[in-house]
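Colleague: Sharing protein.txt below, compact mmCIF, C-alpha atoms:
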```txt
# COMPACT_ATOMS: atom_id res chain seq x y z
CA MET D 1 4.01 101.25 45.85
CA LYS D 2 1.19 103.79 45.49
CA VAL D 3 0.05 105.47 48.68
CA ALA D 4 -3.14 107.55 48.56
CA LEU D 5 -3.84 110.22 51.13
CA ILE D 6 -7.64 110.16 51.22
CA GLY D 7 -8.93 113.57 52.19
CA GLY D 8 -5.69 115.17 51.14
CA THR D 9 -3.57 116.75 53.74
CA GLY D 10 -5.64 116.97 56.88
CA ASN D 11 -4.26 115.54 60.12
CA ILE D 12 -0.76 114.14 59.45
CA GLY D 13 -1.36 114.07 55.67
CA GLU D 14 0.73 117.16 55.10
CA GLY D 15 3.86 115.62 56.60
CA LEU D 16 3.19 112.24 54.99
CA ALA D 17 2.81 113.72 51.48
CA PHE D 18 6.35 115.03 51.06
CA ARG D 19 8.10 112.69 53.50
CA LEU D 20 6.77 109.51 51.86
CA LYS D 21 7.43 110.94 48.39
CA LEU D 22 11.03 111.64 49.39
CA ALA D 23 11.25 108.10 50.80
CA GLY D 24 10.42 106.70 47.38
CA TYR D 25 6.69 106.01 47.46
CA ASP D 26 4.29 107.10 44.71
CA ILE D 27 1.84 109.50 46.29
CA ILE D 28 -1.69 110.40 45.29
CA ILE D 29 -3.46 113.23 47.06
CA GLY D 30 -7.19 112.59 47.18
CA SER D 31 -9.85 115.22 47.67
CA ARG D 32 -13.56 115.70 47.18
CA SER D 33 -12.69 118.39 44.62
CA GLU D 34 -10.41 117.65 41.69
CA GLU D 35 -9.26 121.25 41.60
CA LYS D 36 -8.27 121.18 45.24
CA ALA D 37 -6.48 117.83 44.81
CA LYS D 38 -4.48 119.19 41.89
CA SER D 39 -3.56 122.45 43.59
CA LYS D 40 -2.42 120.58 46.71
CA ALA D 41 -0.42 118.15 44.61
CA GLU D 42 1.25 121.10 42.90
CA HIS D 43 2.07 122.69 46.26
CA PHE D 44 3.69 119.48 47.47
CA ASN D 45 5.53 118.91 44.21
CA ASN D 46 7.15 122.30 44.58
CA LEU D 47 8.10 121.45 48.16
CA VAL D 48 9.46 118.01 47.19
CA GLU D 49 11.55 119.54 44.41
CA SER D 50 12.90 122.22 46.73
CA LEU D 51 14.00 119.34 48.97
CA GLY D 52 15.77 117.59 46.10
CA GLY D 53 13.09 115.03 45.20
CA LYS D 54 11.01 114.32 42.11
CA GLY D 55 7.75 116.26 42.07
CA ASP D 56 5.35 113.72 40.60
CA ILE D 57 2.65 113.61 43.27
CA GLU D 58 -0.77 113.24 41.63
CA GLY D 59 -3.95 115.03 42.64
CA ARG D 60 -7.17 113.04 42.17
CA LEU D 61 -10.72 112.74 43.36
CA ASN D 62 -10.91 110.56 46.48
CA ASP D 63 -12.64 107.76 44.54
CA GLU D 64 -9.90 107.62 41.92
CA ALA D 65 -7.18 107.89 44.54
CA ALA D 66 -8.71 104.94 46.45
CA GLU D 67 -9.04 102.96 43.21
CA LEU D 68 -5.42 103.54 42.15
CA ALA D 69 -3.81 103.03 45.54
CA ASP D 70 -2.14 99.98 47.04
CA VAL D 71 -2.29 101.61 50.46
CA ALA D 72 -4.73 104.33 51.52
CA VAL D 73 -4.30 106.61 54.52
CA ILE D 74 -7.51 108.15 55.87
CA THR D 75 -6.38 111.73 56.51
CA ILE D 76 -9.81 113.12 57.25
CA PRO D 77 -11.02 114.69 60.52
CA TRP D 78 -12.57 111.92 62.63
CA GLN D 79 -16.05 113.47 62.41
CA HIS D 80 -16.16 112.73 58.67
CA ALA D 81 -13.72 109.83 58.32
CA PHE D 82 -16.22 107.02 58.75
CA GLU D 83 -18.81 108.25 56.24
CA THR D 84 -16.04 108.69 53.64
CA ALA D 85 -14.76 105.17 54.36
CA GLU D 86 -18.30 103.83 53.95
CA ARG D 87 -18.57 105.57 50.59
CA LEU D 88 -15.17 104.28 49.36
CA LYS D 89 -15.63 100.76 50.72
CA ASN D 90 -15.73 99.03 47.33
CA LYS D 91 -12.70 100.88 45.97
CA LEU D 92 -10.70 99.92 49.07
CA LYS D 93 -11.49 96.19 48.95
CA GLY D 94 -8.41 94.01 49.36
CA LYS D 95 -6.23 97.02 50.15
CA ILE D 96 -4.34 98.22 53.17
CA VAL D 97 -6.04 101.15 54.88
CA ILE D 98 -4.07 103.12 57.45
CA SER D 99 -6.02 104.76 60.28
CA PRO D 100 -4.31 107.67 62.05
CA ILE D 101 -7.83 108.65 63.22
CA VAL D 102 -8.31 109.80 66.82
CA PRO D 103 -11.84 110.76 67.87
CA MET D 104 -11.64 113.44 70.54
CA VAL D 105 -13.36 116.54 71.88
CA VAL D 106 -12.16 119.58 73.81
CA GLU D 107 -13.94 120.45 77.07
CA ASN D 108 -12.75 123.41 79.12
CA GLY D 109 -9.46 123.35 77.27
CA ILE D 110 -8.87 119.66 78.02
CA PHE D 111 -8.78 117.15 75.18
CA ARG D 112 -10.71 113.96 75.82
CA TYR D 113 -10.75 110.72 73.84
CA THR D 114 -14.23 109.79 72.60
CA PRO D 115 -14.03 106.28 71.17
CA PRO D 116 -16.99 104.96 69.16
CA GLU D 117 -18.95 102.02 70.52
CA GLU D 118 -16.68 99.58 68.66
CA GLY D 119 -13.94 100.55 71.15
CA SER D 120 -11.71 102.65 68.88
CA ALA D 121 -11.65 104.40 65.53
CA GLY D 122 -9.46 101.63 64.15
CA LEU D 123 -11.92 98.94 65.19
CA LYS D 124 -14.82 100.92 63.75
CA LEU D 125 -12.98 101.44 60.47
CA GLN D 126 -12.25 97.70 60.25
CA ARG D 127 -15.94 96.97 60.85
CA ILE D 128 -16.90 99.34 58.01
CA LEU D 129 -14.14 98.12 55.67
CA GLY D 130 -14.62 94.41 56.25
CA GLU D 131 -12.72 93.45 53.11
CA SER D 132 -9.78 95.79 53.63
CA SER D 133 -6.90 95.34 56.06
CA VAL D 134 -7.04 98.22 58.51
CA VAL D 135 -3.73 99.15 60.15
CA VAL D 136 -3.64 101.73 62.93
CA ALA D 137 -0.53 103.94 62.73
CA PHE D 138 0.73 107.53 62.91
CA ASN D 139 -1.90 108.46 65.55
CA ASN D 140 0.60 109.96 67.98
CA ILE D 141 2.54 112.08 65.48
CA PRO D 142 2.41 115.83 66.21
CA ALA D 143 0.91 117.00 62.91
CA LYS D 144 2.28 120.55 62.73
CA ARG D 145 5.85 119.64 63.59
CA PHE D 146 5.64 116.70 61.18
CA ALA D 147 4.51 119.08 58.42
CA ASN D 148 7.57 121.26 58.86
CA PRO D 149 10.43 120.08 56.59
CA ALA D 150 12.99 121.74 58.87
CA GLU D 151 11.79 119.92 62.00
CA LYS D 152 14.12 117.38 63.61
CA PHE D 153 12.39 114.62 65.55
CA GLU D 154 12.77 111.14 66.97
CA TRP D 155 9.33 109.64 67.44
CA ASP D 156 8.02 106.11 67.77
CA VAL D 157 4.95 104.85 65.99
CA ALA D 158 2.89 102.03 67.51
CA VAL D 159 1.40 99.99 64.67
CA CYS D 160 -1.42 97.49 65.17
CA SER D 161 -3.64 95.39 62.93
CA ASP D 162 -5.42 92.06 62.79
CA ASP D 163 -3.59 91.38 59.50
CA ASP D 164 0.09 90.62 60.18
CA ASP D 165 1.19 90.99 56.55
CA ALA D 166 -0.49 94.37 56.20
CA LYS D 167 1.09 95.43 59.49
CA LYS D 168 4.55 94.54 58.17
CA VAL D 169 4.00 96.66 55.04
CA VAL D 170 2.92 99.62 57.16
CA MET D 171 5.84 99.20 59.56
CA GLU D 172 8.13 99.46 56.52
CA ILE D 173 6.33 102.60 55.38
CA VAL D 174 6.75 104.11 58.87
CA SER D 175 10.42 103.18 59.04
CA SER D 176 11.10 104.74 55.64
CA ILE D 177 10.66 108.17 57.22
CA LYS D 178 13.79 109.48 58.90
CA GLY D 179 13.23 109.99 62.61
CA LEU D 180 10.37 107.51 62.93
CA ARG D 181 10.66 104.03 64.44
CA ALA D 182 7.88 101.48 64.00
CA PHE D 183 6.81 99.26 66.92
CA ASP D 184 4.58 96.24 66.47
CA ALA D 185 1.72 96.85 68.90
CA GLY D 186 -0.16 93.62 68.21
CA SER D 187 -3.76 93.26 67.16
CA LEU D 188 -6.30 96.01 66.47
CA ASP D 189 -7.49 95.78 70.09
CA SER D 190 -4.41 97.82 71.03
CA SER D 191 -5.73 100.75 69.03
CA ARG D 192 -7.79 102.00 71.96
CA THR D 193 -4.67 102.71 74.02
CA ILE D 194 -2.73 104.10 71.05
CA GLU D 195 -5.54 106.47 70.12
CA ALA D 196 -6.17 107.51 73.75
CA LEU D 197 -2.54 108.58 74.01
CA THR D 198 -3.05 111.40 71.51
CA PRO D 199 -5.35 113.67 73.56
CA MET D 200 -3.06 112.98 76.53
CA LEU D 201 -0.02 114.15 74.54
CA ILE D 202 -1.89 117.31 73.53
CA ASN D 203 -2.88 117.96 77.16
CA LEU D 204 0.68 117.31 78.37
CA ALA D 205 2.06 119.81 75.86
CA LYS D 206 -0.46 122.47 76.89
CA LYS D 207 -0.15 121.90 80.65
CA ASN D 208 3.63 121.80 80.57
CA LYS D 209 3.97 124.64 78.06
CA THR D 210 6.07 122.73 75.56
CA VAL D 211 5.89 122.30 71.79
CA GLU D 212 3.60 119.59 70.42
CA LEU D 213 4.72 116.24 71.81
CA GLY D 214 5.24 112.85 70.23
CA VAL D 215 6.17 109.70 72.06
CA ARG D 216 9.19 107.47 72.35
CA PHE D 217 9.35 103.98 73.82
CA VAL D 218 12.77 103.63 75.47
CA MET X 1 10.04 114.56 104.04
CA LYS X 2 9.14 111.00 105.01
CA VAL X 3 8.10 108.71 102.17
CA ALA X 4 6.60 105.33 103.08
CA LEU X 5 6.60 102.47 100.61
CA ILE X 6 3.48 100.59 101.68
CA GLY X 7 3.86 96.92 100.87
CA GLY X 8 7.59 97.27 100.73
CA THR X 9 9.32 96.76 97.49
CA GLY X 10 6.80 95.29 95.11
CA ASN X 11 6.21 96.97 91.76
CA ILE X 12 8.54 99.97 91.45
CA GLY X 13 9.17 100.03 95.23
CA GLU X 14 12.58 98.47 94.86
CA GLY X 15 13.90 101.26 92.64
CA LEU X 16 12.14 103.96 94.66
CA ALA X 17 13.64 102.78 97.97
CA PHE X 18 17.28 103.47 97.18
CA ARG X 19 16.78 106.17 94.55
CA LEU X 20 14.60 108.37 96.78
CA LYS X 21 16.90 107.75 99.76
CA LEU X 22 19.89 108.88 97.65
CA ALA X 23 17.83 111.91 96.53
CA GLY X 24 17.51 112.98 100.17
CA TYR X 25 14.10 111.68 101.28
CA ASP X 26 13.55 109.78 104.51
CA ILE X 27 12.30 106.34 103.55
CA ILE X 28 10.19 103.86 105.48
CA ILE X 29 9.65 100.39 104.10
CA GLY X 30 6.26 99.06 105.18
CA SER X 31 5.30 95.41 105.27
CA ARG X 32 2.69 93.18 106.82
CA SER X 33 5.51 91.51 108.73
CA GLU X 34 7.87 93.54 110.90
CA GLU X 35 10.64 91.01 110.34
CA LYS X 36 10.30 91.28 106.57
CA ALA X 37 10.21 95.09 106.75
CA LYS X 38 13.39 95.17 108.79
CA SER X 39 15.26 92.70 106.62
CA LYS X 40 14.29 94.62 103.48
CA ALA X 41 15.33 97.89 105.08
CA GLU X 42 18.69 96.34 105.94
CA HIS X 43 19.13 95.10 102.36
CA PHE X 44 18.46 98.60 101.00
CA ASN X 45 20.65 100.27 103.59
CA ASN X 46 23.56 98.13 102.45
CA LEU X 47 22.80 99.06 98.85
CA VAL X 48 22.48 102.77 99.67
CA GLU X 49 25.79 102.74 101.54
CA SER X 50 27.51 100.92 98.70
CA LEU X 51 26.28 103.78 96.49
CA GLY X 52 27.70 106.41 98.84
CA GLY X 53 24.51 107.34 100.70
CA LYS X 54 23.41 107.13 104.33
CA GLY X 55 21.77 103.82 105.19
CA ASP X 56 18.99 104.91 107.52
CA ILE X 57 15.92 103.46 105.82
CA GLU X 58 13.48 102.20 108.43
CA GLY X 59 11.50 98.97 108.28
CA ARG X 60 8.03 99.08 109.88
CA LEU X 61 4.65 97.45 109.86
CA ASN X 62 2.45 98.98 107.13
CA ASP X 63 0.24 100.68 109.75
CA GLU X 64 3.18 102.39 111.42
CA ALA X 65 4.71 103.31 108.06
CA ALA X 66 1.42 104.93 106.97
CA GLU X 67 1.14 106.74 110.31
CA LEU X 68 4.69 108.14 110.19
CA ALA X 69 4.69 109.12 106.51
CA ASP X 70 4.07 112.46 104.87
CA VAL X 71 3.72 110.71 101.53
CA ALA X 72 2.80 107.06 101.03
CA VAL X 73 3.39 105.06 97.85
CA ILE X 74 1.16 102.01 97.42
CA THR X 75 3.67 99.44 96.14
CA ILE X 76 1.38 96.47 96.36
CA PRO X 77 0.19 94.24 93.49
CA TRP X 78 -3.11 95.67 92.21
CA GLN X 79 -5.06 92.61 93.33
CA HIS X 80 -4.39 93.50 96.98
CA ALA X 81 -3.77 97.24 96.82
CA PHE X 82 -7.34 98.37 97.40
CA GLU X 83 -8.05 96.20 100.46
CA THR X 84 -4.80 97.44 102.04
CA ALA X 85 -5.76 101.05 101.28
CA GLU X 86 -9.17 100.45 102.85
CA ARG X 87 -7.49 99.10 105.98
CA LEU X 88 -5.01 102.01 106.23
CA LYS X 89 -7.57 104.69 105.39
CA ASN X 90 -7.49 106.41 108.78
CA LYS X 91 -3.69 106.47 108.99
CA LEU X 92 -3.51 108.03 105.54
CA LYS X 93 -5.98 110.85 106.21
CA GLY X 94 -4.72 114.24 105.07
CA LYS X 95 -1.67 112.70 103.40
CA ILE X 96 -0.46 112.37 99.86
CA VAL X 97 -0.88 108.85 98.51
CA ILE X 98 0.92 107.94 95.30
CA SER X 99 -0.68 105.32 93.06
CA PRO X 100 1.62 103.54 90.62
CA ILE X 101 -1.09 100.84 90.48
CA VAL X 102 -1.98 99.31 87.12
CA PRO X 103 -4.67 96.62 87.11
CA MET X 104 -3.96 94.17 84.29
CA VAL X 105 -4.20 90.54 83.28
CA VAL X 106 -2.29 88.36 80.82
CA GLU X 107 -4.28 86.44 78.21
CA ASN X 108 -2.46 84.31 75.65
CA GLY X 109 0.73 86.18 76.41
CA ILE X 110 -0.88 89.60 75.82
CA PHE X 111 -1.20 92.04 78.71
CA ARG X 112 -4.57 93.75 78.96
CA TYR X 113 -5.62 96.69 81.11
CA THR X 114 -8.52 95.83 83.42
CA PRO X 115 -9.69 99.08 85.02
CA PRO X 116 -12.13 98.89 87.94
CA GLU X 117 -15.63 100.32 87.48
CA GLU X 118 -14.46 103.72 88.78
CA GLY X 119 -12.51 104.05 85.50
CA SER X 120 -8.96 103.56 86.79
CA ALA X 121 -7.01 102.36 89.80
CA GLY X 122 -6.21 105.98 90.70
CA LEU X 123 -9.88 106.96 90.68
CA LYS X 124 -10.79 103.91 92.76
CA LEU X 125 -8.04 104.65 95.27
CA GLN X 126 -9.27 108.26 95.58
CA ARG X 127 -12.81 106.98 96.19
CA ILE X 128 -11.54 104.69 98.97
CA LEU X 129 -9.18 107.31 100.46
CA GLY X 130 -11.63 110.20 100.39
CA GLU X 131 -9.62 112.25 102.86
CA SER X 132 -6.21 111.68 101.29
CA SER X 133 -4.84 113.32 98.14
CA VAL X 134 -4.26 110.57 95.61
CA VAL X 135 -1.62 111.31 92.98
CA VAL X 136 -1.09 108.91 90.09
CA ALA X 137 2.60 108.59 89.15
CA PHE X 138 5.37 106.12 88.28
CA ASN X 139 2.90 103.78 86.50
CA ASN X 140 4.96 103.54 83.31
CA ILE X 141 8.35 102.91 84.91
CA PRO X 142 9.92 99.56 83.94
CA ALA X 143 10.29 98.06 87.42
CA LYS X 144 13.23 95.73 86.87
CA ARG X 145 15.41 98.23 85.05
CA PHE X 146 14.49 100.86 87.65
CA ALA X 147 15.59 98.47 90.40
CA ASN X 148 19.06 98.10 88.89
CA PRO X 149 21.46 100.75 90.27
CA ALA X 150 23.68 100.41 87.19
CA GLU X 151 20.83 101.11 84.74
CA LYS X 152 20.95 104.33 82.72
CA PHE X 153 17.58 105.69 81.64
CA GLU X 154 15.69 108.75 80.48
CA TRP X 155 12.01 108.27 81.22
CA ASP X 156 9.08 110.61 81.58
CA VAL X 157 6.50 110.31 84.32
CA ALA X 158 2.96 111.56 83.74
CA VAL X 159 1.58 112.80 87.07
CA CYS X 160 -2.10 113.49 87.65
CA SER X 161 -4.28 114.36 90.63
CA ASP X 162 -7.35 116.32 91.59
CA ASP X 163 -5.21 118.11 94.21
CA ASP X 164 -2.83 120.55 92.52
CA ASP X 165 -0.65 121.09 95.61
CA ALA X 166 -0.20 117.37 96.14
CA LYS X 167 0.60 116.99 92.46
CA LYS X 168 3.35 119.60 92.75
CA VAL X 169 4.92 117.76 95.70
CA VAL X 170 4.91 114.49 93.76
CA MET X 171 6.32 116.14 90.63
CA GLU X 172 9.23 117.30 92.80
CA ILE X 173 9.71 113.80 94.16
CA VAL X 174 9.74 112.43 90.59
CA SER X 175 12.20 115.06 89.41
CA SER X 176 14.56 114.35 92.30
CA ILE X 177 15.46 111.05 90.63
CA LYS X 178 18.14 111.36 87.98
CA GLY X 179 16.81 110.33 84.57
CA LEU X 180 13.15 111.00 85.34
CA ARG X 181 11.18 114.03 84.12
CA ALA X 182 7.78 114.84 85.59
CA PHE X 183 4.91 115.96 83.34
CA ASP X 184 1.71 117.49 84.70
CA ALA X 185 -1.02 115.30 83.20
CA GLY X 186 -3.95 117.19 84.70
CA SER X 187 -6.74 115.77 86.83
CA LEU X 188 -7.19 112.19 88.02
CA ASP X 189 -9.36 111.48 84.97
CA SER X 190 -6.14 111.21 82.96
CA SER X 191 -5.13 108.19 85.02
CA ARG X 192 -7.06 105.85 82.75
CA THR X 193 -4.80 106.63 79.79
CA ILE X 194 -1.63 106.66 81.90
CA GLU X 195 -2.42 103.28 83.43
CA ALA X 196 -3.51 101.77 80.08
CA LEU X 197 -0.12 102.66 78.65
CA THR X 198 1.66 100.18 80.94
CA PRO X 199 0.31 96.90 79.50
CA MET X 200 0.91 98.40 76.04
CA LEU X 201 4.57 99.09 76.91
CA ILE X 202 4.95 95.51 78.17
CA ASN X 203 3.38 94.15 74.98
CA LEU X 204 5.57 96.40 72.80
CA ALA X 205 8.70 95.16 74.55
CA LYS X 206 7.70 91.51 74.12
CA LYS X 207 6.52 91.82 70.50
CA ASN X 208 9.55 93.84 69.44
CA LYS X 209 12.00 91.76 71.49
CA THR X 210 13.50 94.68 73.38
CA VAL X 211 14.29 95.28 77.03
CA GLU X 212 11.49 96.57 79.27
CA LEU X 213 10.28 99.91 77.88
CA GLY X 214 9.47 103.21 79.51
CA VAL X 215 8.08 106.25 77.78
CA ARG X 216 9.32 109.66 76.75
CA PHE X 217 7.25 112.62 75.62
CA VAL X 218 9.34 114.50 73.04
```
Before we go any further, please render this structure as structure tokens.
Modeller:
Amino acid sequence: MKVALIGGTGNIGEGLAFRLKLAGYDIIIGSRSEEKAKSKAEHFNNLVESLGGKGDIEGRLNDEAAELADVAVITIPWQHAFETAERLKNKLKGKIVISPIVPMVVENGIFRYTPPEEGSAGLKLQRILGESSVVVAFNNIPAKRFANPAEKFEWDVAVCSDDDDAKKVVMEIVSSIKGLRAFDAGSLDSSRTIEALTPMLINLAKKNKTVELGVRFV
Amino acid sequence: MKVALIGGTGNIGEGLAFRLKLAGYDIIIGSRSEEKAKSKAEHFNNLVESLGGKGDIEGRLNDEAAELADVAVITIPWQHAFETAERLKNKLKGKIVISPIVPMVVENGIFRYTPPEEGSAGLKLQRILGESSVVVAFNNIPAKRFANPAEKFEWDVAVCSDDDDAKKVVMEIVSSIKGLRAFDAGSLDSSRTIEALTPMLINLAKKNKTVELGVRFV
């Protein structure tokens, strides 16, 4: 199964690139620049090979990556995620699109969730990509720790979607990564709570002077 | 320090009664009926003694419990919590009031957070109890498991308040219970996210066919 990281390795894309490759998925890194896509792919191929895997991650323009993919993850900062989705809409038709997007701002050092009028980034993305199956997942993963191959973690990933089959596929993708457990969080309506948790986790980590924090449901 | 459980042992009151007593706090069980308060106190005293503690939990009318307490926990179903707070307002002046309140409804088997217009139950309670220090805590604790003395758990408790001193006191109360860790979650504004997490945890447990779920920040 081909998984495209649209926007390359922003957000949790960095961790997903090598971890999903090592888990057996075909990975395409998408970027607005072909050169950048290829140089990132090369970087991750070296990393994957140093970890004992096969370095055959492809670097492509976002449009090609979307076209070739079975599953696309939107790994773009939230400020630009929706316009890119709009632009790639036709290429993503009939596909599974994963949204780890969390719209938020910092005010006086405090992170605050700023959902769009649709109620959440996931709901907005599904409105834009009416003919794709949007699945919200990976929102609560601490990106930097996830990007570190030496990091040990046990995190849970709440997965929600209005398409049950797509949700199952994404839960399998989540579970393929060592240290992650997938939880079915129901329909896309749940995305508001899942997304809102991210700025809270960042604030908790800052306030309590810990490393980046993920979540576990126990 | 005297901790009153206003409304007795609804919500997480049952677990708090014997766990906080065993942790060394003086506990008063409040109820609308003196008879009910006393019979509940007796029940918990037997439990505390069977667990090796001193069974001196008092049962009182809510008004007396609020009057005698240093810290009051509102352990009343959300539908009635605010009118009770309104009624006890004068008795609670200058005191710390803990809100584990989570307003929610069930629709087609799915729990949904229904915050009041103030933005959260904690914010509403602080509006009503203008001269008390409202601290939001214990909202994400699975009540039934918490009520079981044999249960082993490791849960985290996000604590928020606009009064930093009151928050510190409550974080100590939380930490006095074995298996609970307190996290400073900032100002009362964070209560919306903390409260919203509870219906999500209930839905996750149902959907994924697990026991009641708490949360851990790791």
Colleague: Give me, as a short mmCIF file (atom, residue, chain, number, x, y, z; two decimals) with C-alpha atoms, keeping the file's coordinate frame, the contact residues of chain D against chain X at a cut-off of 9 Å, counting only C-alpha atoms.
Modeller:
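Saved the output as out-v1.cif:
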```cif
data_model
loop_
_atom_site.label_atom_id
_atom_site.label_comp_id
_atom_site.auth_asym_id
_atom_site.auth_seq_id
_atom_site.Cartn_x
_atom_site.Cartn_y
_atom_site.Cartn_z
CA ILE D 110 -8.87 119.66 78.02
CA ARG D 112 -10.71 113.96 75.82
CA PHE D 153 12.39 114.62 65.55
CA GLU D 154 12.77 111.14 66.97
CA TRP D 155 9.33 109.64 67.44
CA ALA D 158 2.89 102.03 67.51
CA PHE D 183 6.81 99.26 66.92
CA ASP D 184 4.58 96.24 66.47
CA ALA D 185 1.72 96.85 68.90
CA GLY D 186 -0.16 93.62 68.21
CA SER D 190 -4.41 97.82 71.03
CA THR D 193 -4.67 102.71 74.02
CA ILE D 194 -2.73 104.10 71.05
CA ALA D 196 -6.17 107.51 73.75
CA LEU D 197 -2.54 108.58 74.01
CA MET D 200 -3.06 112.98 76.53
CA LEU D 201 -0.02 114.15 74.54
CA ASN D 203 -2.88 117.96 77.16
CA LEU D 204 0.68 117.31 78.37
CA ALA D 205 2.06 119.81 75.86
CA LYS D 207 -0.15 121.90 80.65
CA ASN D 208 3.63 121.80 80.57
CA VAL D 211 5.89 122.30 71.79
CA GLU D 212 3.60 119.59 70.42
CA LEU D 213 4.72 116.24 71.81
CA GLY D 214 5.24 112.85 70.23
CA VAL D 215 6.17 109.70 72.06
CA ARG D 216 9.19 107.47 72.35
CA PHE D 217 9.35 103.98 73.82
CA VAL D 218 12.77 103.63 75.47
#
```
Colleague: So how far away is atom CA of D:Leu188 from atom CA of D:Leu20, in Å?
Modeller: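 Value for the atom CA of D:Leu20-atom CA of D:Leu188 distance: 23.8 Å.
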Colleague: What does the distance between atom CA of D:Lys91 and atom CA of D:Asp63 come to in Å, to one decimal place?
Modeller: 7.0 Å
Colleague: Which residue out of D:Ala69, D:Ile128, D:Ile29, D:Val105 has the minimum interatomic distance to D:Ala81 when all atoms listed in the file are used?
Modeller: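 Closest candidate: D:Ile128.
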Colleague: Which of these residues is nearest to D:Arg32, using only C-alpha atoms: D:Asn11, D:Thr114, D:Asn62, D:Gln126?
Modeller: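 Residue with the minimum atom-to-atom distance to D:Arg32: D:Asn62.
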Colleague: Tell me which protein, DNA and RNA residues are within 8 Å of stretch 93-103 of chain D, counting all atoms listed in the file, leaving out same-chain ones fewer than 4 positions away, and put them as a ChimeraX atom specification.
Modeller: /D:12,69-79,81,89,113-116,121-122,125,129,131-139,166,170,195-196,198
Colleague: Mind pulling up the distance from atom CA of D:Asp26 to atom CA of D:Met1?
Modeller: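 Between atom CA of D:Met1 and atom CA of D:Asp26 the gap works out to 6.0 Å.
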Colleague: Could you pull the residues within 12 Å of X:Lys178, counting all atoms listed in the file, minus those fewer than 2 positions along the same chain, as JSON, numbers by chain?
Modeller: {"X": [15, 16, 19, 20, 22, 23, 146, 149, 151, 152, 153, 154, 155, 156, 172, 173, 174, 175, 176, 180, 181, 182]}
Colleague: Mind checking which residues fall within 9 Å of X:Ala66, counting all atoms listed in the file, ignoring those fewer than 6 positions away in the same chain, and posting them as a list in words?
Modeller: Ala4, Leu5, Ile6, Ile28, Gly30, Ala72, Leu88, Lys91 and Leu92 of chain X
Colleague: If we count only C-alpha atoms, what is near D:Asn45 at a cut-off of 10 Å, once residues fewer than 4 positions away on the same chain are taken out, given as a ChimeraX atom specification?
Modeller: /D:17-18,21,39-41,49-51,53-58
Colleague: Restricting the output to C-alpha atoms, write the selected residues as a short mmCIF file (atom, residue, chain, number, x, y, z; two decimals), in the frame of the given file.
Modeller:
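Listed below is the output, selection-v6.cif:
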```cif
data_model
loop_
_atom_site.label_atom_id
_atom_site.label_comp_id
_atom_site.auth_asym_id
_atom_site.auth_seq_id
_atom_site.Cartn_x
_atom_site.Cartn_y
_atom_site.Cartn_z
CA ALA D 17 2.81 113.72 51.48
CA PHE D 18 6.35 115.03 51.06
CA LYS D 21 7.43 110.94 48.39
CA SER D 39 -3.56 122.45 43.59
CA LYS D 40 -2.42 120.58 46.71
CA ALA D 41 -0.42 118.15 44.61
CA GLU D 49 11.55 119.54 44.41
CA SER D 50 12.90 122.22 46.73
CA LEU D 51 14.00 119.34 48.97
CA GLY D 53 13.09 115.03 45.20
CA LYS D 54 11.01 114.32 42.11
CA GLY D 55 7.75 116.26 42.07
CA ASP D 56 5.35 113.72 40.60
CA ILE D 57 2.65 113.61 43.27
CA GLU D 58 -0.77 113.24 41.63
#
```
